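Novice: Provided herewith is a single structure, encoded as structure tokens, for subsequent inquiry.
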Amino acid sequence: MADALIHADRLWSRLMALAAIGATPGGGVNRQALSEGEIEAWRLVLAWAGEAGLEPATDAAGNLFLTLAGRNRSLPPVLLGSHIDSQPTGGKFDGAAGVLAAIEAVVQVGAAGIVPDGDVTVVAWMNEEGSRFAPGMMGSEAFAGERSLAAIRAVRDGEGTSVGEALDRLHAAFPAMARKPLGFPVAAYLELHIEQGPVLEATGRVIGVVTGIQGKKTFEVTISGAEGHAGTLDMADRRDAVAAFGRIVTALNAEIGGFDAVIKFTIGRVRVEPNAPSVVPSRVVFSVDLRHPDNAVLDTTGARLTAICHEQAGPCSVEVRPLVSAPSNDFDARLRAMITRAASDQGHASMDILSAAGHDARHLAKVCPSAMIFIPCRGGLSHVEHEWAEPAHVAAGASVLAQVLRALVAVPPGPHVPAA
């Protein structure tokens with residue numbers, strides 16, 4: 001069945017071709033959101049879509065849509081995809097595998113002469129990664145009504161460029177492309193992704209049927225002190241922001257990071273000002289990423305995190321600004337059963353698995369039945385240049401995705417038969 005559902009060699013060659021855009025010396029990809037590299041990637045993806053007759057469109061949030069027209073275009077479409085932006089030292093498969101597998105599944109539906117009941121649309125969401133513009137998942141959050149477009153457009157990167165400015169450049173590069181409204185009814189959403197963890201590889205499973213995504217909170221913490229001369233200012237008189245940062249981080253790692261064996265606590269970005277060797281630092285800004293599958297634990301530790309920052313900051317002042325509060329969610333039971341059935345039909349060992357990483361599917365699950373398919377990645381490693389997925393695993397995941405898609409939307413030529 002797998003050979004009829006996808007063209008595995010074409011999918012792999014396209015993955016490698018896309019990875020060449022933003023390729024890094026270490027074998028990875030640096031193709032951050034709304035960059036010139038992502039615009040170039042759009043051109044390549046649009047060329048492949050055009051070969052298959054898929055209709056391109058975008059929206060005000062910079063999401064890319066590629067549609068195979070159905071019989072009844074007034075019906076909500078089935079949506080499937082992921083993202084094509086990357087971390088600065090990202091890999092070839094994170095996000096990209098999901099978009100290209102979706103294109104492959106949809107293209108093969110058309111090649112088989114199947115006209116779906118309603119439209120089938122591949123999507124590449126804007127800024128899933130949040131590396132250039134934080135926090136991430138901007139496109140899917142805007143689509144689902146979780147964040148306002150105005151708030152998203154106001155965010156700036158480290159060079160001072162706003163999302164709004166970058167979005168305007170993206171849209172200017174494709175002036176003739178049709179525009180969809182920001183958010184529209186969706187019948188169902190499917191997303192294939194590498195696991196970004198070690199479970200599938202360790203258990204010898206090829207397909208992960210994702211039960212849900214663990215909850216996540218992110219914060220930006222700003223410690224404000226005062227500059228001073230490193231050679232003349234007495235230690236007792238200093239308001240050293242880095243010293244306060246050290247106390248805060250030590251306490252956070254001990255209490256929050258050690259809360260239980262499941263919690264994930266990360267400080268991933270630190271900025272020191274004025275960042276001069278002989279000046280007492282006046283300001284430290286750092287990020288916190290906090291995750292847990294139990295929403296009650298996430299709320300408790302998030303509140304305690306704020307308290308610890310204030311307790312340990314003196315004589316400096318501190319501001320804790322919440323950025324993201326995304327509770328744990330469950331995926332649609334019917335779609336999960338369809339994924340399990342497709343894996344079994346195709347002879348792939350599968351298992352239920354909770355996603356430890358966040359994905360755009362989290363936000364789509366709030367507006368329509370949604371599900372995810374995981375495939376293994378070597379060593380469980382992702383967000384690294386040597387991220388790797390085996391060609392056979394990519395093909396297996398794409399083929400399972402294609403079978404579920406056909407079960408959802410395929411109507412054989414002839415009299416209309418509603419999908420089961």
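Chain labels follow the order of the structure tokens: the first chain is A, the next B, and so on; residue numbering restarts at 1 in every chain, and ligands are counted from 1 in their shown order.
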Extract, using only C-alpha atoms, all DNA, RNA and protein residues at most 8 Å from range 270-286 of chain A, discarding same-chain residues fewer than 4 positions from it, and format them as a PDB file with N, CA, C and O atoms, in the first residue's frame.
Specialist:
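Output (around.pdb):
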```pdb
ATOM      1  N   GLU A 220      10.030  36.193  30.175  1.00  0.00           N
ATOM      2  CA  GLU A 220      11.204  37.040  30.008  1.00  0.00           C
ATOM      3  C   GLU A 220      11.430  37.759  31.334  1.00  0.00           C
ATOM      4  O   GLU A 220      10.534  38.442  31.832  1.00  0.00           O
ATOM      5  N   VAL A 221      12.616  37.581  31.900  1.00  0.00           N
ATOM      6  CA  VAL A 221      12.940  38.162  33.197  1.00  0.00           C
ATOM      7  C   VAL A 221      13.977  39.252  32.992  1.00  0.00           C
ATOM      8  O   VAL A 221      15.019  39.024  32.356  1.00  0.00           O
ATOM      9  N   THR A 222      13.713  40.430  33.524  1.00  0.00           N
ATOM     10  CA  THR A 222      14.633  41.564  33.425  1.00  0.00           C
ATOM     11  C   THR A 222      15.086  41.968  34.814  1.00  0.00           C
ATOM     12  O   THR A 222      14.266  42.308  35.673  1.00  0.00           O
ATOM     13  N   ILE A 223      16.400  41.924  35.040  1.00  0.00           N
ATOM     14  CA  ILE A 223      17.006  42.351  36.305  1.00  0.00           C
ATOM     15  C   ILE A 223      17.656  43.702  36.069  1.00  0.00           C
ATOM     16  O   ILE A 223      18.491  43.847  35.168  1.00  0.00           O
ATOM     17  N   SER A 224      17.295  44.698  36.857  1.00  0.00           N
ATOM     18  CA  SER A 224      17.822  46.048  36.694  1.00  0.00           C
ATOM     19  C   SER A 224      18.655  46.435  37.904  1.00  0.00           C
ATOM     20  O   SER A 224      18.185  46.398  39.050  1.00  0.00           O
ATOM     21  N   GLY A 225      19.919  46.783  37.638  1.00  0.00           N
ATOM     22  CA  GLY A 225      20.823  47.248  38.685  1.00  0.00           C
ATOM     23  C   GLY A 225      21.374  48.609  38.317  1.00  0.00           C
ATOM     24  O   GLY A 225      20.640  49.481  37.858  1.00  0.00           O
ATOM     25  N   ALA A 226      22.678  48.789  38.514  1.00  0.00           N
ATOM     26  CA  ALA A 226      23.309  50.070  38.180  1.00  0.00           C
ATOM     27  C   ALA A 226      24.741  49.826  37.735  1.00  0.00           C
ATOM     28  O   ALA A 226      25.446  48.986  38.297  1.00  0.00           O
ATOM     29  N   GLU A 227      25.159  50.573  36.694  1.00  0.00           N
ATOM     30  CA  GLU A 227      26.538  50.477  36.225  1.00  0.00           C
ATOM     31  C   GLU A 227      27.496  51.061  37.266  1.00  0.00           C
ATOM     32  O   GLU A 227      27.130  51.913  38.070  1.00  0.00           O
ATOM     33  N   GLY A 228      28.730  50.620  37.196  1.00  0.00           N
ATOM     34  CA  GLY A 228      29.764  51.155  38.071  1.00  0.00           C
ATOM     35  C   GLY A 228      31.134  50.728  37.588  1.00  0.00           C
ATOM     36  O   GLY A 228      31.269  49.764  36.819  1.00  0.00           O
ATOM     37  N   HIS A 229      32.163  51.418  38.036  1.00  0.00           N
ATOM     38  CA  HIS A 229      33.530  51.106  37.639  1.00  0.00           C
ATOM     39  C   HIS A 229      33.998  49.860  38.382  1.00  0.00           C
ATOM     40  O   HIS A 229      33.915  49.789  39.617  1.00  0.00           O
ATOM     41  N   ALA A 230      34.510  48.889  37.639  1.00  0.00           N
ATOM     42  CA  ALA A 230      34.908  47.615  38.242  1.00  0.00           C
ATOM     43  C   ALA A 230      36.083  47.771  39.199  1.00  0.00           C
ATOM     44  O   ALA A 230      36.275  46.939  40.093  1.00  0.00           O
ATOM     45  N   GLY A 231      36.866  48.838  39.029  1.00  0.00           N
ATOM     46  CA  GLY A 231      38.041  48.996  39.885  1.00  0.00           C
ATOM     47  C   GLY A 231      37.835  49.890  41.071  1.00  0.00           C
ATOM     48  O   GLY A 231      38.671  49.891  41.996  1.00  0.00           O
ATOM     49  N   ARG A 238      27.481  47.860  45.409  1.00  0.00           N
ATOM     50  CA  ARG A 238      27.107  47.487  44.037  1.00  0.00           C
ATOM     51  C   ARG A 238      25.666  46.999  43.926  1.00  0.00           C
ATOM     52  O   ARG A 238      25.176  46.287  44.803  1.00  0.00           O
ATOM     53  N   ARG A 239      25.055  47.384  42.808  1.00  0.00           N
ATOM     54  CA  ARG A 239      23.786  46.783  42.381  1.00  0.00           C
ATOM     55  C   ARG A 239      24.091  46.026  41.094  1.00  0.00           C
ATOM     56  O   ARG A 239      23.794  46.480  39.996  1.00  0.00           O
ATOM     57  N   ASP A 240      24.720  44.881  41.269  1.00  0.00           N
ATOM     58  CA  ASP A 240      25.276  44.083  40.177  1.00  0.00           C
ATOM     59  C   ASP A 240      24.202  43.133  39.639  1.00  0.00           C
ATOM     60  O   ASP A 240      23.806  42.181  40.309  1.00  0.00           O
ATOM     61  N   ALA A 241      23.770  43.390  38.413  1.00  0.00           N
ATOM     62  CA  ALA A 241      22.681  42.579  37.842  1.00  0.00           C
ATOM     63  C   ALA A 241      23.119  41.140  37.605  1.00  0.00           C
ATOM     64  O   ALA A 241      22.303  40.215  37.723  1.00  0.00           O
ATOM     65  N   VAL A 242      24.390  40.913  37.265  1.00  0.00           N
ATOM     66  CA  VAL A 242      24.858  39.548  37.052  1.00  0.00           C
ATOM     67  C   VAL A 242      24.927  38.776  38.374  1.00  0.00           C
ATOM     68  O   VAL A 242      24.617  37.583  38.422  1.00  0.00           O
ATOM     69  N   PHE A 245      21.518  37.781  39.021  1.00  0.00           N
ATOM     70  CA  PHE A 245      21.194  36.699  38.104  1.00  0.00           C
ATOM     71  C   PHE A 245      21.726  35.367  38.635  1.00  0.00           C
ATOM     72  O   PHE A 245      21.031  34.343  38.592  1.00  0.00           O
TER      73      PHE A 245
END
```
Novice: Give me the residues near Glu195 in chain A as a PyMOL selection string, where near means some atom within 6 Å (using only C-alpha atoms) and where sequence neighbours in that chain fewer than 2 positions away do not count.
Specialist: chain A and resi 197+374-376
Novice: I need the chosen residues saved as a short mmCIF file (atom, residue, chain, number, x, y, z; two decimals), in the first residue's frame, with N, CA, C and O atoms.
Specialist:
```
data_model
loop_
_atom_site.label_atom_id
_atom_site.label_comp_id
_atom_site.auth_asym_id
_atom_site.auth_seq_id
_atom_site.Cartn_x
_atom_site.Cartn_y
_atom_site.Cartn_z
N GLY A 197 12.78 13.42 20.45
CA GLY A 197 13.05 12.72 21.69
C GLY A 197 13.47 11.30 21.38
O GLY A 197 13.42 10.86 20.22
N PHE A 374 4.36 10.99 14.81
CA PHE A 374 5.79 11.11 15.05
C PHE A 374 6.55 10.01 14.33
O PHE A 374 6.05 8.87 14.21
N ILE A 375 7.74 10.35 13.86
CA ILE A 375 8.69 9.36 13.38
C ILE A 375 9.98 9.53 14.18
O ILE A 375 10.23 10.60 14.75
N PRO A 376 10.82 8.48 14.27
CA PRO A 376 12.03 8.58 15.10
C PRO A 376 13.05 9.56 14.52
O PRO A 376 13.10 9.80 13.32
#
```
Novice: Would you mind telling me which residue in A:Leu252, A:Ala142, A:Val123, A:Ile39 lies nearest to Arg169 in chain A when using only C-alpha atoms?
Specialist: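 Nearest candidate to Arg169 in chain A out of A:Leu252, A:Ala142, A:Val123, A:Ile39: A:Ile39.
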Novice: Identify, with DSSP run on backbone atoms, the residues in range 161-254 of chain A assigned to alpha helix (DSSP H), and express the list as a VMD selection string.
Specialist: chain A and resid 163 to 172 199 to 203 241 to 254
Novice: Can those selected residues be exported to a file as a PDB file, in the first residue's frame so that it contains C-alpha atoms?
Specialist:
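Result file is out.pdb:
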```pdb
ATOM      1  CA  VAL A 163       7.659  41.028  12.468  1.00  0.00           C
ATOM      2  CA  GLY A 164       5.463  43.540  10.659  1.00  0.00           C
ATOM      3  CA  GLU A 165       8.370  44.804   8.566  1.00  0.00           C
ATOM      4  CA  ALA A 166       9.491  41.250   7.776  1.00  0.00           C
ATOM      5  CA  LEU A 167       5.946  40.187   6.890  1.00  0.00           C
ATOM      6  CA  ASP A 168       5.593  43.134   4.531  1.00  0.00           C
ATOM      7  CA  ARG A 169       8.819  42.097   2.767  1.00  0.00           C
ATOM      8  CA  LEU A 170       7.572  38.517   2.486  1.00  0.00           C
ATOM      9  CA  HIS A 171       4.282  39.583   0.936  1.00  0.00           C
ATOM     10  CA  ALA A 172       6.042  42.042  -1.382  1.00  0.00           C
ATOM     11  CA  VAL A 199      11.389   7.084  22.882  1.00  0.00           C
ATOM     12  CA  LEU A 200      10.533   5.724  19.426  1.00  0.00           C
ATOM     13  CA  GLU A 201      14.130   4.831  18.631  1.00  0.00           C
ATOM     14  CA  ALA A 202      14.661   3.200  22.040  1.00  0.00           C
ATOM     15  CA  THR A 203      11.541   1.039  21.705  1.00  0.00           C
ATOM     16  CA  ALA A 241      22.681  42.579  37.842  1.00  0.00           C
ATOM     17  CA  VAL A 242      24.858  39.548  37.052  1.00  0.00           C
ATOM     18  CA  ALA A 243      25.334  38.791  40.751  1.00  0.00           C
ATOM     19  CA  ALA A 244      21.552  38.896  41.182  1.00  0.00           C
ATOM     20  CA  PHE A 245      21.194  36.699  38.104  1.00  0.00           C
ATOM     21  CA  GLY A 246      23.519  34.132  39.679  1.00  0.00           C
ATOM     22  CA  ARG A 247      21.440  33.990  42.864  1.00  0.00           C
ATOM     23  CA  ILE A 248      18.175  33.756  40.948  1.00  0.00           C
ATOM     24  CA  VAL A 249      19.414  31.027  38.605  1.00  0.00           C
ATOM     25  CA  THR A 250      20.832  28.955  41.463  1.00  0.00           C
ATOM     26  CA  ALA A 251      17.524  29.107  43.331  1.00  0.00           C
ATOM     27  CA  LEU A 252      15.430  28.419  40.226  1.00  0.00           C
ATOM     28  CA  ASN A 253      17.491  25.397  39.219  1.00  0.00           C
ATOM     29  CA  ALA A 254      17.302  23.948  42.717  1.00  0.00           C
TER      30      ALA A 254
END
```
